[in-house]
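Below is protein_32.tsv, holding TSV, C-alpha atoms.
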chain	number	residue	atom	x	y	z
A	1274	MET	CA	0.00	0.00	0.00
A	1275	HIS	CA	3.03	2.25	-0.24
A	1276	ASP	CA	2.96	2.95	-3.94
A	1277	THR	CA	3.50	6.65	-3.36
A	1278	GLN	CA	6.10	6.43	-0.62
A	1279	LEU	CA	8.45	9.37	-0.51
A	1280	VAL	CA	12.13	8.73	0.11
A	1281	MET	CA	14.34	11.77	0.25
A	1282	TYR	CA	18.12	11.84	0.27
A	1283	ASP	CA	20.37	14.62	1.47
A	1284	GLU	CA	21.16	15.84	-2.03
A	1285	ASP	CA	17.46	16.20	-2.98
A	1286	PHE	CA	16.74	17.88	0.32
A	1287	ARG	CA	19.46	20.48	-0.30
A	1288	ARG	CA	18.09	21.26	-3.74
A	1289	ILE	CA	14.59	21.74	-2.32
A	1290	LEU	CA	15.97	23.94	0.43
A	1291	ALA	CA	17.89	26.04	-2.10
A	1292	VAL	CA	14.71	26.65	-4.13
A	1293	SER	CA	12.81	27.58	-0.94
A	1294	GLN	CA	15.50	29.99	0.22
A	1295	ARG	CA	15.66	31.65	-3.16
A	1296	LEU	CA	11.88	32.00	-3.19
A	1297	VAL	CA	11.94	33.71	0.22
A	1298	GLN	CA	14.35	36.31	-1.17
A	1299	ASP	CA	12.80	36.74	-4.61
A	1300	ALA	CA	9.27	37.08	-3.27
A	1301	ASN	CA	10.19	39.11	-0.17
A	1302	ALA	CA	8.39	36.45	1.82
A	1303	LYS	CA	8.42	35.85	5.56
A	1304	GLY	CA	8.48	32.12	5.12
A	1305	VAL	CA	8.25	29.31	2.61
A	1306	PHE	CA	7.15	25.78	3.47
A	1307	ILE	CA	7.18	22.69	1.31
A	1308	VAL	CA	4.54	20.23	2.44
A	1309	ASP	CA	3.69	16.80	1.14
A	1310	ARG	CA	0.07	16.46	0.08
A	1311	ASN	CA	-0.45	13.98	2.90
A	1312	GLY	CA	0.54	16.53	5.51
A	1313	GLN	CA	4.23	15.89	6.11
A	1314	LEU	CA	6.55	18.88	6.24
A	1315	ILE	CA	9.41	18.46	3.78
A	1316	GLY	CA	11.32	21.71	4.04
A	1317	GLU	CA	11.13	25.30	5.24
A	1318	ALA	CA	12.96	28.58	4.77
A	1319	GLY	CA	12.61	32.13	5.98
A	1320	GLU	CA	12.20	34.04	9.20
A	1321	LEU	CA	9.21	32.10	10.54
A	1322	ARG	CA	11.20	29.29	12.09
A	1323	GLY	CA	9.96	28.35	15.52
A	1324	ILE	CA	6.28	28.31	14.65
A	1325	ASP	CA	4.35	25.04	14.90
A	1326	THR	CA	5.33	23.71	11.50
A	1327	THR	CA	3.93	20.20	12.07
A	1328	SER	CA	0.45	21.63	12.59
A	1329	LEU	CA	0.94	24.04	9.71
A	1330	ALA	CA	1.75	21.12	7.41
A	1331	SER	CA	-1.18	19.01	8.52
A	1332	LEU	CA	-3.70	21.85	8.25
A	1333	THR	CA	-2.35	22.95	4.87
A	1334	ALA	CA	-2.83	19.43	3.55
A	1335	GLY	CA	-6.34	19.34	5.04
A	1336	CYS	CA	-7.18	22.64	3.39
A	1337	ILE	CA	-5.88	21.54	-0.02
A	1338	ALA	CA	-7.68	18.20	0.31
A	1339	ALA	CA	-10.98	19.88	1.21
A	1340	THR	CA	-10.85	22.37	-1.65
A	1341	GLY	CA	-9.76	19.55	-3.98
A	1342	GLY	CA	-12.97	17.76	-2.99
A	1343	LEU	CA	-14.95	20.93	-3.67
A	1344	ALA	CA	-13.29	21.29	-7.08
A	1345	LYS	CA	-14.46	17.83	-8.09
A	1346	ILE	CA	-18.02	18.65	-7.05
A	1347	VAL	CA	-18.11	21.64	-9.41
A	1348	GLY	CA	-16.40	19.71	-12.20
A	1349	GLU	CA	-12.82	20.95	-11.80
A	1350	ASP	CA	-9.80	18.69	-11.29
A	1351	GLU	CA	-8.25	20.91	-8.65
A	1352	PHE	CA	-8.13	24.47	-7.41
A	1353	PRO	CA	-4.34	24.54	-7.50
A	1354	VAL	CA	-3.84	28.06	-6.12
A	1355	HIS	CA	-5.19	29.28	-2.78
A	1356	PHE	CA	-4.81	32.70	-1.26
A	1357	HIS	CA	-5.82	33.68	2.27
A	1358	GLN	CA	-5.62	37.34	3.12
A	1359	GLY	CA	-5.06	38.37	6.73
A	1360	GLN	CA	-4.74	41.72	8.47
A	1361	ARG	CA	-0.97	41.49	8.66
A	1362	ASP	CA	0.11	38.27	7.05
A	1363	ASN	CA	-1.14	36.48	3.98
A	1364	LEU	CA	-0.92	32.85	2.98
A	1365	HIS	CA	-0.42	31.64	-0.57
A	1366	MET	CA	-0.65	27.92	-1.29
A	1367	THR	CA	0.03	26.19	-4.58
A	1368	LEU	CA	-0.29	22.56	-5.48
A	1369	VAL	CA	2.83	21.50	-7.38
A	1370	ALA	CA	2.95	18.43	-9.61
A	1371	GLY	CA	-0.20	17.13	-7.95
A	1372	ARG	CA	1.56	16.07	-4.77
A	1373	ILE	CA	3.55	18.88	-3.17
A	1374	ILE	CA	2.13	22.02	-1.58
A	1375	LEU	CA	4.19	25.17	-1.77
A	1376	VAL	CA	3.20	27.55	1.03
A	1377	VAL	CA	4.35	31.18	1.07
A	1378	ILE	CA	3.65	33.50	3.99
A	1379	PHE	CA	4.13	37.17	3.28
A	1380	ASP	CA	3.21	40.60	4.61
A	1381	ASP	CA	3.04	44.11	3.13
A	1382	ARG	CA	6.73	44.06	2.27
A	1383	SER	CA	5.62	41.98	-0.70
A	1384	SER	CA	2.53	41.73	-2.87
A	1385	LEU	CA	0.27	39.02	-4.23
A	1386	GLY	CA	1.43	39.72	-7.78
A	1387	LEU	CA	5.09	39.31	-6.91
A	1388	VAL	CA	4.44	36.15	-4.91
A	1389	ARG	CA	2.41	34.61	-7.74
A	1390	LEU	CA	5.13	35.42	-10.24
A	1391	ARG	CA	7.95	33.96	-8.14
A	1392	VAL	CA	5.92	30.92	-7.07
A	1393	LYS	CA	5.36	30.03	-10.69
A	1394	LYS	CA	9.09	29.74	-11.32
A	1395	ALA	CA	9.90	28.01	-8.04
A	1396	GLY	CA	6.95	25.63	-8.54
A	1397	ALA	CA	8.31	24.52	-11.90
A	1398	GLU	CA	11.74	23.87	-10.38
A	1399	LEU	CA	10.22	21.90	-7.51
A	1400	ALA	CA	8.06	19.88	-9.88
A	1401	LYS	CA	11.21	18.82	-11.71
A	1402	ILE	CA	13.02	17.86	-8.51
A	1403	PHE	CA	10.09	15.81	-7.22
A	1404	GLU	CA	9.70	14.11	-10.55
A	1405	GLU	CA	13.33	13.02	-10.28
A	1406	ILE	CA	12.82	11.84	-6.70
A	1407	GLN	CA	9.83	9.81	-7.80
A	1408	LYS	CA	11.79	8.24	-10.64
A	1409	LYS	CA	14.66	7.41	-8.33
A	1410	THR	CA	12.30	5.78	-5.82
A	1411	GLU	CA	10.66	3.74	-8.56
A	1412	GLN	CA	14.04	2.60	-9.89
A	1413	GLU	CA	15.18	1.61	-6.42
A	1414	ASN	CA	11.98	-0.30	-5.81
A	1415	ALA	CA	12.35	-2.09	-9.13
A	1416	ALA	CA	15.96	-2.95	-8.35
A	1417	GLY	CA	14.99	-4.13	-4.89
A	1418	THR	CA	17.43	-1.77	-3.19
A	1419	GLY	CA	16.49	-1.68	0.46
A	1420	THR	CA	16.36	1.24	2.84
A	1421	PRO	CA	17.68	0.88	6.40
A	1422	PHE	CA	14.22	-0.42	7.20
A	1423	SER	CA	14.77	-3.60	5.30
A	1424	GLU	CA	17.26	-4.51	7.99
A	1425	ILE	CA	15.29	-3.63	11.09
A	1426	THR	CA	14.45	-6.55	13.30
A	1427	ASP	CA	11.36	-7.26	15.36
A	1428	GLU	CA	13.58	-6.58	18.36
A	1429	ASP	CA	14.33	-3.05	17.07
A	1430	ILE	CA	10.60	-2.45	16.77
A	1431	ASP	CA	9.88	-3.85	20.23
A	1432	ASN	CA	12.62	-1.70	21.74
A	1433	LEU	CA	10.71	1.40	20.63
A	1434	PHE	CA	7.93	0.42	22.99
A	1435	SER	CA	9.94	-0.72	25.92
A	1436	ILE	CA	9.92	2.71	27.58
B	930	MET	CA	2.32	6.89	2.81
B	931	SER	CA	5.40	6.92	4.93
B	932	PHE	CA	7.99	9.60	4.34
B	933	ILE	CA	11.64	8.69	4.85
B	934	ASN	CA	13.94	11.68	5.06
B	935	TYR	CA	17.61	10.72	4.97
B	936	SER	CA	18.66	14.31	5.41
B	937	SER	CA	16.99	14.84	8.77
B	938	ARG	CA	17.05	11.08	9.45
B	939	GLU	CA	13.36	10.91	10.12
B	940	ILE	CA	10.57	8.60	9.20
B	941	ASN	CA	6.96	9.76	9.33
B	942	CYS	CA	3.94	7.48	9.25
B	943	LYS	CA	0.22	8.21	9.21
B	944	ILE	CA	-2.25	6.32	11.39
B	945	VAL	CA	-5.98	6.92	11.08
B	946	TYR	CA	-8.56	6.16	13.80
B	947	TYR	CA	-11.78	5.11	12.07
B	948	GLY	CA	-15.19	4.14	13.43
B	949	PRO	CA	-18.82	5.21	13.84
B	950	GLY	CA	-19.89	8.50	15.38
B	951	LEU	CA	-19.31	8.83	19.14
B	952	CYS	CA	-17.33	5.59	19.35
B	953	GLY	CA	-14.40	7.31	21.09
B	954	LYS	CA	-11.84	8.08	18.38
B	955	THR	CA	-11.16	11.59	19.64
B	956	THR	CA	-11.15	10.32	23.24
B	957	ASN	CA	-8.39	7.86	22.27
B	958	LEU	CA	-6.27	10.72	20.94
B	959	GLN	CA	-7.03	12.94	23.91
B	960	PHE	CA	-5.90	10.23	26.31
B	961	ILE	CA	-2.68	9.67	24.35
B	962	TYR	CA	-2.10	13.43	24.29
B	963	ASN	CA	-2.68	13.81	28.05
B	964	LYS	CA	-0.45	10.91	29.00
B	965	THR	CA	2.48	11.53	26.68
B	966	ASN	CA	5.68	13.23	27.73
B	967	PRO	CA	5.58	16.82	26.36
B	968	ASP	CA	8.94	16.25	24.61
B	969	LEU	CA	7.44	13.49	22.52
B	970	LYS	CA	4.26	15.14	21.32
B	971	GLY	CA	3.23	18.13	19.26
B	972	LYS	CA	0.09	20.19	19.59
B	973	MET	CA	-3.21	18.34	19.25
B	974	ILE	CA	-5.50	19.91	16.69
B	975	SER	CA	-9.25	19.28	16.76
B	976	LEU	CA	-11.37	20.63	13.95
B	977	ALA	CA	-14.70	20.18	15.69
B	978	THR	CA	-18.17	21.68	15.73
B	979	GLU	CA	-19.42	23.83	18.61
B	980	THR	CA	-20.82	20.70	20.19
B	981	GLU	CA	-17.38	19.05	20.01
B	982	ARG	CA	-18.29	16.61	17.28
B	983	THR	CA	-15.37	16.09	14.91
B	984	LEU	CA	-15.99	18.19	11.81
B	985	PHE	CA	-12.94	17.37	9.72
B	986	PHE	CA	-10.22	15.65	11.75
B	987	ASP	CA	-8.20	15.56	14.95
B	988	PHE	CA	-4.46	15.48	14.56
B	989	LEU	CA	-1.73	14.50	17.00
B	990	PRO	CA	1.94	14.21	16.06
B	991	LEU	CA	3.88	11.76	18.22
B	992	ALA	CA	7.58	10.86	18.35
B	993	LEU	CA	8.24	7.30	19.42
B	994	GLY	CA	12.02	7.22	19.56
B	995	GLN	CA	14.81	6.12	17.27
B	996	ILE	CA	15.11	3.06	15.15
B	997	ARG	CA	18.46	2.45	13.46
B	998	GLY	CA	19.33	6.11	13.91
B	999	PHE	CA	16.06	7.35	12.39
B	1000	LYS	CA	13.60	9.40	14.45
B	1001	THR	CA	10.27	7.63	14.22
B	1002	ARG	CA	7.26	9.92	14.12
B	1003	PHE	CA	3.64	8.95	13.90
B	1004	HIS	CA	0.91	11.33	12.81
B	1005	LEU	CA	-2.37	10.25	14.36
B	1006	TYR	CA	-5.60	11.36	12.71
B	1007	THR	CA	-9.23	10.69	13.48
B	1008	VAL	CA	-12.02	10.86	10.93
B	1009	PRO	CA	-15.45	12.37	11.58
B	1010	GLY	CA	-17.65	9.38	12.36
B	1011	GLN	CA	-21.04	10.72	11.37
B	1012	VAL	CA	-22.34	9.09	8.20
B	1013	PHE	CA	-22.78	12.31	6.21
B	1014	TYR	CA	-19.10	13.29	6.51
B	1015	ASP	CA	-18.00	10.59	4.09
B	1016	ALA	CA	-16.26	13.00	1.70
B	1017	SER	CA	-14.02	14.15	4.57
B	1018	ARG	CA	-13.24	10.57	5.63
B	1019	LYS	CA	-12.03	9.76	2.12
B	1020	LEU	CA	-9.66	12.72	2.18
B	1021	ILE	CA	-8.19	11.81	5.55
B	1022	LEU	CA	-7.60	8.19	4.54
B	1023	LYS	CA	-5.35	9.28	1.69
B	1024	GLY	CA	-1.77	8.17	2.25
B	1025	VAL	CA	-2.65	6.14	5.35
B	1026	ASP	CA	-0.06	3.68	6.67
B	1027	GLY	CA	-2.15	2.07	9.39
B	1028	VAL	CA	-5.73	2.04	10.67
B	1029	VAL	CA	-7.29	1.64	14.11
B	1030	PHE	CA	-10.94	0.68	13.87
B	1031	VAL	CA	-12.65	1.84	17.06
B	1032	ALA	CA	-15.85	-0.14	17.58
B	1033	ASP	CA	-18.52	0.96	20.04
B	1034	SER	CA	-19.29	-2.07	22.23
B	1035	GLN	CA	-22.85	-1.03	23.03
B	1036	ILE	CA	-25.37	-3.51	21.61
B	1037	GLU	CA	-27.44	-0.77	19.98
B	1038	ARG	CA	-24.37	0.47	18.06
B	1039	MET	CA	-23.60	-2.80	16.29
B	1040	GLU	CA	-25.29	-1.73	13.09
B	1041	ALA	CA	-23.38	1.55	13.13
B	1042	ASN	CA	-20.12	-0.38	13.67
B	1043	LEU	CA	-20.86	-2.63	10.72
B	1044	GLU	CA	-21.80	0.27	8.51
B	1045	SER	CA	-18.61	2.11	9.40
B	1046	LEU	CA	-16.44	-0.96	8.80
B	1047	GLU	CA	-18.02	-1.45	5.39
B	1048	ASN	CA	-17.46	2.23	4.71
B	1049	LEU	CA	-13.78	1.83	5.63
B	1050	LYS	CA	-13.39	-1.10	3.24
B	1051	LEU	CA	-15.08	0.88	0.49
B	1052	ASN	CA	-13.00	4.00	1.01
B	1053	LEU	CA	-9.76	2.00	1.17
B	1054	ALA	CA	-10.74	0.18	-2.02
B	1055	GLU	CA	-11.24	3.51	-3.77
B	1056	GLN	CA	-7.57	4.16	-3.16
B	1057	GLY	CA	-6.62	0.70	-4.33
B	1058	TYR	CA	-6.03	-0.66	-0.83
B	1059	GLU	CA	-7.53	-3.73	0.79
B	1060	LEU	CA	-8.31	-3.96	4.46
B	1061	ALA	CA	-6.64	-7.38	4.64
B	1062	SER	CA	-3.30	-6.05	3.39
B	1063	THR	CA	-3.44	-2.80	5.37
B	1064	PRO	CA	-1.91	-2.67	8.85
B	1065	CYS	CA	-5.10	-2.52	10.89
B	1066	VAL	CA	-6.12	-3.23	14.48
B	1067	MET	CA	-9.54	-3.52	16.06
B	1068	GLN	CA	-10.38	-1.79	19.33
B	1069	TYR	CA	-13.58	-2.73	21.18
B	1070	ASN	CA	-14.20	0.45	23.10
B	1071	LYS	CA	-16.62	1.20	25.96
B	1072	ARG	CA	-16.21	-2.28	27.47
B	1073	ASP	CA	-17.06	-0.77	30.85
B	1074	LEU	CA	-20.66	0.05	29.90
B	1075	PRO	CA	-23.46	-2.20	31.20
B	1076	ASN	CA	-25.00	-2.52	27.74
B	1077	ALA	CA	-21.77	-3.71	26.11
B	1078	ALA	CA	-22.32	-6.71	23.85
B	1079	PRO	CA	-20.48	-9.95	24.68
B	1080	LEU	CA	-17.00	-9.97	23.18
B	1081	ASP	CA	-17.59	-13.14	21.14
B	1082	GLU	CA	-20.60	-11.56	19.51
B	1083	ILE	CA	-18.76	-8.37	18.47
B	1084	ARG	CA	-15.78	-10.35	17.32
B	1085	SER	CA	-17.83	-12.60	15.04
B	1086	LEU	CA	-19.59	-9.56	13.64
B	1087	LEU	CA	-16.63	-7.24	13.07
B	1088	ASN	CA	-13.39	-9.14	13.13
B	1089	ALA	CA	-13.70	-11.94	10.63
B	1090	ALA	CA	-10.37	-10.69	9.27
B	1091	GLN	CA	-8.74	-11.58	12.62
B	1092	MET	CA	-6.95	-8.32	13.07
B	1093	PRO	CA	-5.14	-7.85	16.38
B	1094	GLU	CA	-7.88	-6.80	18.80
B	1095	PHE	CA	-8.05	-4.92	22.08
B	1096	GLU	CA	-10.71	-4.26	24.68
B	1097	ALA	CA	-10.68	-0.65	25.77
B	1098	CYS	CA	-12.23	2.09	27.78
B	1099	ALA	CA	-10.85	5.24	26.18
B	1100	THR	CA	-12.14	7.56	28.93
B	1101	THR	CA	-9.98	5.80	31.54
B	1102	GLY	CA	-7.30	4.90	29.01
B	1103	GLU	CA	-7.58	1.15	29.35
B	1104	GLY	CA	-6.36	-0.47	26.14
B	1105	VAL	CA	-5.54	2.86	24.46
B	1106	PHE	CA	-1.76	2.59	24.40
B	1107	GLU	CA	-1.89	-1.16	23.74
B	1108	THR	CA	-3.91	-0.41	20.59
B	1109	LEU	CA	-1.51	2.33	19.48
B	1110	LYS	CA	1.57	0.20	20.05
B	1111	SER	CA	0.05	-2.66	18.12
B	1112	VAL	CA	-0.78	-0.59	15.04
B	1113	ALA	CA	2.62	1.17	15.17
B	1114	ARG	CA	4.31	-2.24	15.24
B	1115	LEU	CA	2.29	-3.42	12.25
B	1116	VAL	CA	3.14	-0.25	10.30
B	1117	LEU	CA	6.87	-0.64	10.96
B	1118	ARG	CA	6.77	-4.34	10.06
B	1119	ASP	CA	4.95	-3.46	6.86
B	1120	LEU	CA	7.65	-0.91	6.07
B	1121	LYS	CA	10.33	-3.47	6.72
B	1122	GLN	CA	8.73	-6.05	4.44
B	1123	MET	CA	8.12	-3.50	1.74
B	1124	ASN	CA	11.82	-2.73	1.58
B	1125	ARG	CA	12.93	-6.29	1.37
Show me, as structure tokens, the structure contained in the file I just sent.
Amino acid sequence: MHDTQLVMYDEDFRRILAVSQRLVQDANAKGVFIVDRNGQLIGEAGELRGIDTTSLASLTAGCIAATGGLAKIVGEDEFPVHFHQGQRDNLHMTLVAGRIILVVIFDDRSSLGLVRLRVKKAGAELAKIFEEIQKKTEQENAAGTGTPFSEITDEDIDNLFSI
Amino acid sequence: MSFINYSSREINCKIVYYGPGLCGKTTNLQFIYNKTNPDLKGKMISLATETERTLFFDFLPLALGQIRGFKTRFHLYTVPGQVFYDASRKLILKGVDGVVFVADSQIERMEANLESLENLKLNLAEQGYELASTPCVMQYNKRDLPNAAPLDEIRSLLNAAQMPEFEACATTGEGVFETLKSVARLVLRDLKQMNR
């Protein structure tokens, strides 16, 4: 049941981080978060470190999932771009390559137009990276290359619960 | 869908608590949240109505410790149990690694249990999953109530698949951690086999 499992190596992670950091600068954003569609946080950049990113990731995924459901009801595939306007901060969410959510938080030092423009470019770069990750995972699965988890023993698992 | 991050040496798995309305899914999570060391848990999120019925989901991130140098994190979700929230349940099941089916032991809730279990099978099938090949445990909750059905009866009705099963009383916490540990074990074993 793990046909869409995500395995990320250091090199991929650095590339994703580089795109996120560049997007923070280019869009004058407060923070950028890369979230898996299932609610796992993949990477973050910007000055918002320290906020509850686990909850942010889970709620972002919930929001995208709910509007995705709405889209289908009205005959759309997705609503890939979401914008929430606040009094101080704004939230821009984009669905990239159908599986990654690119979240940008910005205030009045930036503008919606600028964010949309920069997100478009960063989104395309991220789509490419995730496509490569997906291919790599598929190749590894086909070749039967194991992760460290192929070697874990029942004892390792039991030890997790011994506390 | 588990997420293995070699860079931060983390593995994240998603566990969903499923079951009919008012069976005690949220109570399970609340007990886990209240009894877990603050260093090991994140904030619990409940998207609920004013009357505290789950509207979309509850969410609780939990760190279990390290396995072969990887931090093992579990994201626990509940679904809204009420029948008419089926669209939300489908969304929450996406990418699930393990399921806890919380059954309400009260005799008058047997039909609701059955309906919810069938609904789980259907929603898993829509994603191409089968209950039999999904890490799944059965929890018989509310065993303390006087109108609880005999265990044999519930078992024959709901657990033909012979999933690992636990008697529980989520309000006092009996059986709650046993259930969680069991499903976490199954998820990790599944991950191990998958990578063979």
inquiry  = Excluding range 1390-1404 of chain A and its own-chain neighbours fewer than 3 positions away, which residues fall within 12 Å of it when counting all atoms listed in the file? Please give them as a PyMOL selection string.
reply    = chain A and resi 1277+1279-1282+1284-1302+1305-1309+1315-1316+1353-1354+1365-1378+1383-1387+1407-1411
Residues of chain A within 10 Å of chain B, counting all atoms listed in the file, what are they? List them as a PDB file with C-alpha atoms, in the coordinates of the input.
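For reference, part-v6.pdb as written:
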ATOM      1  CA  MET A1274       0.000   0.000   0.000  1.00  0.00           C
ATOM      2  CA  HIS A1275       3.030   2.250  -0.240  1.00  0.00           C
ATOM      3  CA  ASP A1276       2.960   2.950  -3.940  1.00  0.00           C
ATOM      4  CA  THR A1277       3.500   6.650  -3.360  1.00  0.00           C
ATOM      5  CA  GLN A1278       6.100   6.430  -0.620  1.00  0.00           C
ATOM      6  CA  LEU A1279       8.450   9.370  -0.510  1.00  0.00           C
ATOM      7  CA  VAL A1280      12.130   8.730   0.110  1.00  0.00           C
ATOM      8  CA  MET A1281      14.340  11.770   0.250  1.00  0.00           C
ATOM      9  CA  TYR A1282      18.120  11.840   0.270  1.00  0.00           C
ATOM     10  CA  ASP A1283      20.370  14.620   1.470  1.00  0.00           C
ATOM     11  CA  GLU A1284      21.160  15.840  -2.030  1.00  0.00           C
ATOM     12  CA  ASP A1285      17.460  16.200  -2.980  1.00  0.00           C
ATOM     13  CA  PHE A1286      16.740  17.880   0.320  1.00  0.00           C
ATOM     14  CA  ARG A1287      19.460  20.480  -0.300  1.00  0.00           C
ATOM     15  CA  ASP A1309       3.690  16.800   1.140  1.00  0.00           C
ATOM     16  CA  ARG A1310       0.070  16.460   0.080  1.00  0.00           C
ATOM     17  CA  ASN A1311      -0.450  13.980   2.900  1.00  0.00           C
ATOM     18  CA  GLY A1312       0.540  16.530   5.510  1.00  0.00           C
ATOM     19  CA  GLN A1313       4.230  15.890   6.110  1.00  0.00           C
ATOM     20  CA  LEU A1314       6.550  18.880   6.240  1.00  0.00           C
ATOM     21  CA  ILE A1315       9.410  18.460   3.780  1.00  0.00           C
ATOM     22  CA  ASP A1325       4.350  25.040  14.900  1.00  0.00           C
ATOM     23  CA  THR A1326       5.330  23.710  11.500  1.00  0.00           C
ATOM     24  CA  THR A1327       3.930  20.200  12.070  1.00  0.00           C
ATOM     25  CA  SER A1328       0.450  21.630  12.590  1.00  0.00           C
ATOM     26  CA  SER A1331      -1.180  19.010   8.520  1.00  0.00           C
ATOM     27  CA  LEU A1332      -3.700  21.850   8.250  1.00  0.00           C
ATOM     28  CA  ALA A1334      -2.830  19.430   3.550  1.00  0.00           C
ATOM     29  CA  GLY A1335      -6.340  19.340   5.040  1.00  0.00           C
ATOM     30  CA  ILE A1337      -5.880  21.540  -0.020  1.00  0.00           C
ATOM     31  CA  ALA A1338      -7.680  18.200   0.310  1.00  0.00           C
ATOM     32  CA  ALA A1339     -10.980  19.880   1.210  1.00  0.00           C
ATOM     33  CA  GLY A1341      -9.760  19.550  -3.980  1.00  0.00           C
ATOM     34  CA  GLY A1342     -12.970  17.760  -2.990  1.00  0.00           C
ATOM     35  CA  LEU A1343     -14.950  20.930  -3.670  1.00  0.00           C
ATOM     36  CA  GLU A1413      15.180   1.610  -6.420  1.00  0.00           C
ATOM     37  CA  ASN A1414      11.980  -0.300  -5.810  1.00  0.00           C
ATOM     38  CA  GLY A1417      14.990  -4.130  -4.890  1.00  0.00           C
ATOM     39  CA  THR A1418      17.430  -1.770  -3.190  1.00  0.00           C
ATOM     40  CA  GLY A1419      16.490  -1.680   0.460  1.00  0.00           C
ATOM     41  CA  THR A1420      16.360   1.240   2.840  1.00  0.00           C
ATOM     42  CA  PRO A1421      17.680   0.880   6.400  1.00  0.00           C
ATOM     43  CA  PHE A1422      14.220  -0.420   7.200  1.00  0.00           C
ATOM     44  CA  SER A1423      14.770  -3.600   5.300  1.00  0.00           C
ATOM     45  CA  GLU A1424      17.260  -4.510   7.990  1.00  0.00           C
ATOM     46  CA  ILE A1425      15.290  -3.630  11.090  1.00  0.00           C
ATOM     47  CA  THR A1426      14.450  -6.550  13.300  1.00  0.00           C
ATOM     48  CA  ASP A1427      11.360  -7.260  15.360  1.00  0.00           C
ATOM     49  CA  ASP A1429      14.330  -3.050  17.070  1.00  0.00           C
ATOM     50  CA  ILE A1430      10.600  -2.450  16.770  1.00  0.00           C
ATOM     51  CA  ASP A1431       9.880  -3.850  20.230  1.00  0.00           C
ATOM     52  CA  ASN A1432      12.620  -1.700  21.740  1.00  0.00           C
ATOM     53  CA  LEU A1433      10.710   1.400  20.630  1.00  0.00           C
ATOM     54  CA  PHE A1434       7.930   0.420  22.990  1.00  0.00           C
ATOM     55  CA  ILE A1436       9.920   2.710  27.580  1.00  0.00           C
TER      56      ILE A1436
END
One number please: CA of Lys1345 in chain A to CA of Gln1011 in chain B, in Å, one decimal.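 These two atoms are separated by 21.7 Å.
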Considering all atoms listed in the file, return as a list in words whatever protein or nucleic-acid residues lie within 10 Å of Leu1087 in chain B, sequence-local ones (same chain, fewer than 2 positions apart) excluded.
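Near neighbours after the sequence-gap exclusion: Phe1030, Ala1032, Met1039, Asn1042, Leu1043, Leu1046, Glu1047, Met1067, Tyr1069, Glu1082, Ile1083, Arg1084, Ser1085, Ala1089, Ala1090, Gln1091 and Met1092 of chain B.
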Please, could you write that set of residues out with C-alpha atoms as a short mmCIF file (atom, residue, chain, number, x, y, z; two decimals), in the coordinates of the input?
data_model
loop_
_atom_site.label_atom_id
_atom_site.label_comp_id
_atom_site.auth_asym_id
_atom_site.auth_seq_id
_atom_site.Cartn_x
_atom_site.Cartn_y
_atom_site.Cartn_z
CA PHE B 1030 -10.94 0.68 13.87
CA ALA B 1032 -15.85 -0.14 17.58
CA MET B 1039 -23.60 -2.80 16.29
CA ASN B 1042 -20.12 -0.38 13.67
CA LEU B 1043 -20.86 -2.63 10.72
CA LEU B 1046 -16.44 -0.96 8.80
CA GLU B 1047 -18.02 -1.45 5.39
CA MET B 1067 -9.54 -3.52 16.06
CA TYR B 1069 -13.58 -2.73 21.18
CA GLU B 1082 -20.60 -11.56 19.51
CA ILE B 1083 -18.76 -8.37 18.47
CA ARG B 1084 -15.78 -10.35 17.32
CA SER B 1085 -17.83 -12.60 15.04
CA ALA B 1089 -13.70 -11.94 10.63
CA ALA B 1090 -10.37 -10.69 9.27
CA GLN B 1091 -8.74 -11.58 12.62
CA MET B 1092 -6.95 -8.32 13.07
#
Using only C-alpha atoms, the shortest atom-to-atom distance to Thr978 in chain B among B:Val1029, B:Pro1009, B:Leu991, B:Lys1000 belongs to B:Pro1009
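Closest approach to Thr1100 in chain B from the set B:Leu1074, B:Glu979, B:Gly950, B:Val1116 is made by B:Leu1074, with distances taken over all atoms listed in the file.
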Using only C-alpha atoms, the residue out of B:Val1028, B:Val1112, B:Ala1097, B:Ala1078 with shortest distance to Gly953 in chain B is B:Ala1097
Around all the atoms of range 1001-1008 of chain B listed in the file, draw an axis-aligned box and extend it by 8 Å on each of the six sides; I want its centre and edge lengths in Å to one decimal, as AutoDock Vina command-line options.
--center_x -0.9 --center_y 9.5 --center_z 12.6 --size_x 38.3 --size_y 19.7 --size_z 19.4
CA of Glu1037 in chain B to CA of Cys952 in chain B measures 12.0 Å
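Coordinates place CA of Ala1061 in chain B at a distance of 27.3 Å from CA of Gly1102 in chain B.
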**OP:** Would you mind telling me which residue in B:Leu984, B:Leu1053, B:Ile961, B:Ala1099 lies nearest to Tyr1014 in chain B when using all atoms listed in the file?
**Re:**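 Closest candidate: B:Leu984.
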Judged by only C-alpha atoms, the minimum distance to Val1105 in chain B among B:Thr983, B:Val1031, B:Arg1038, B:Val1008 is found for B:Val1031
Query raised in the report: Given the choices B:Ser975, B:Asn1048, B:Asn966, B:Asn1070, which gets closest to Leu951 in chain B if the distance is worked out from all atoms listed in the file?
Result: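 Smallest distance to Leu951 in chain B is found for B:Asn1070.
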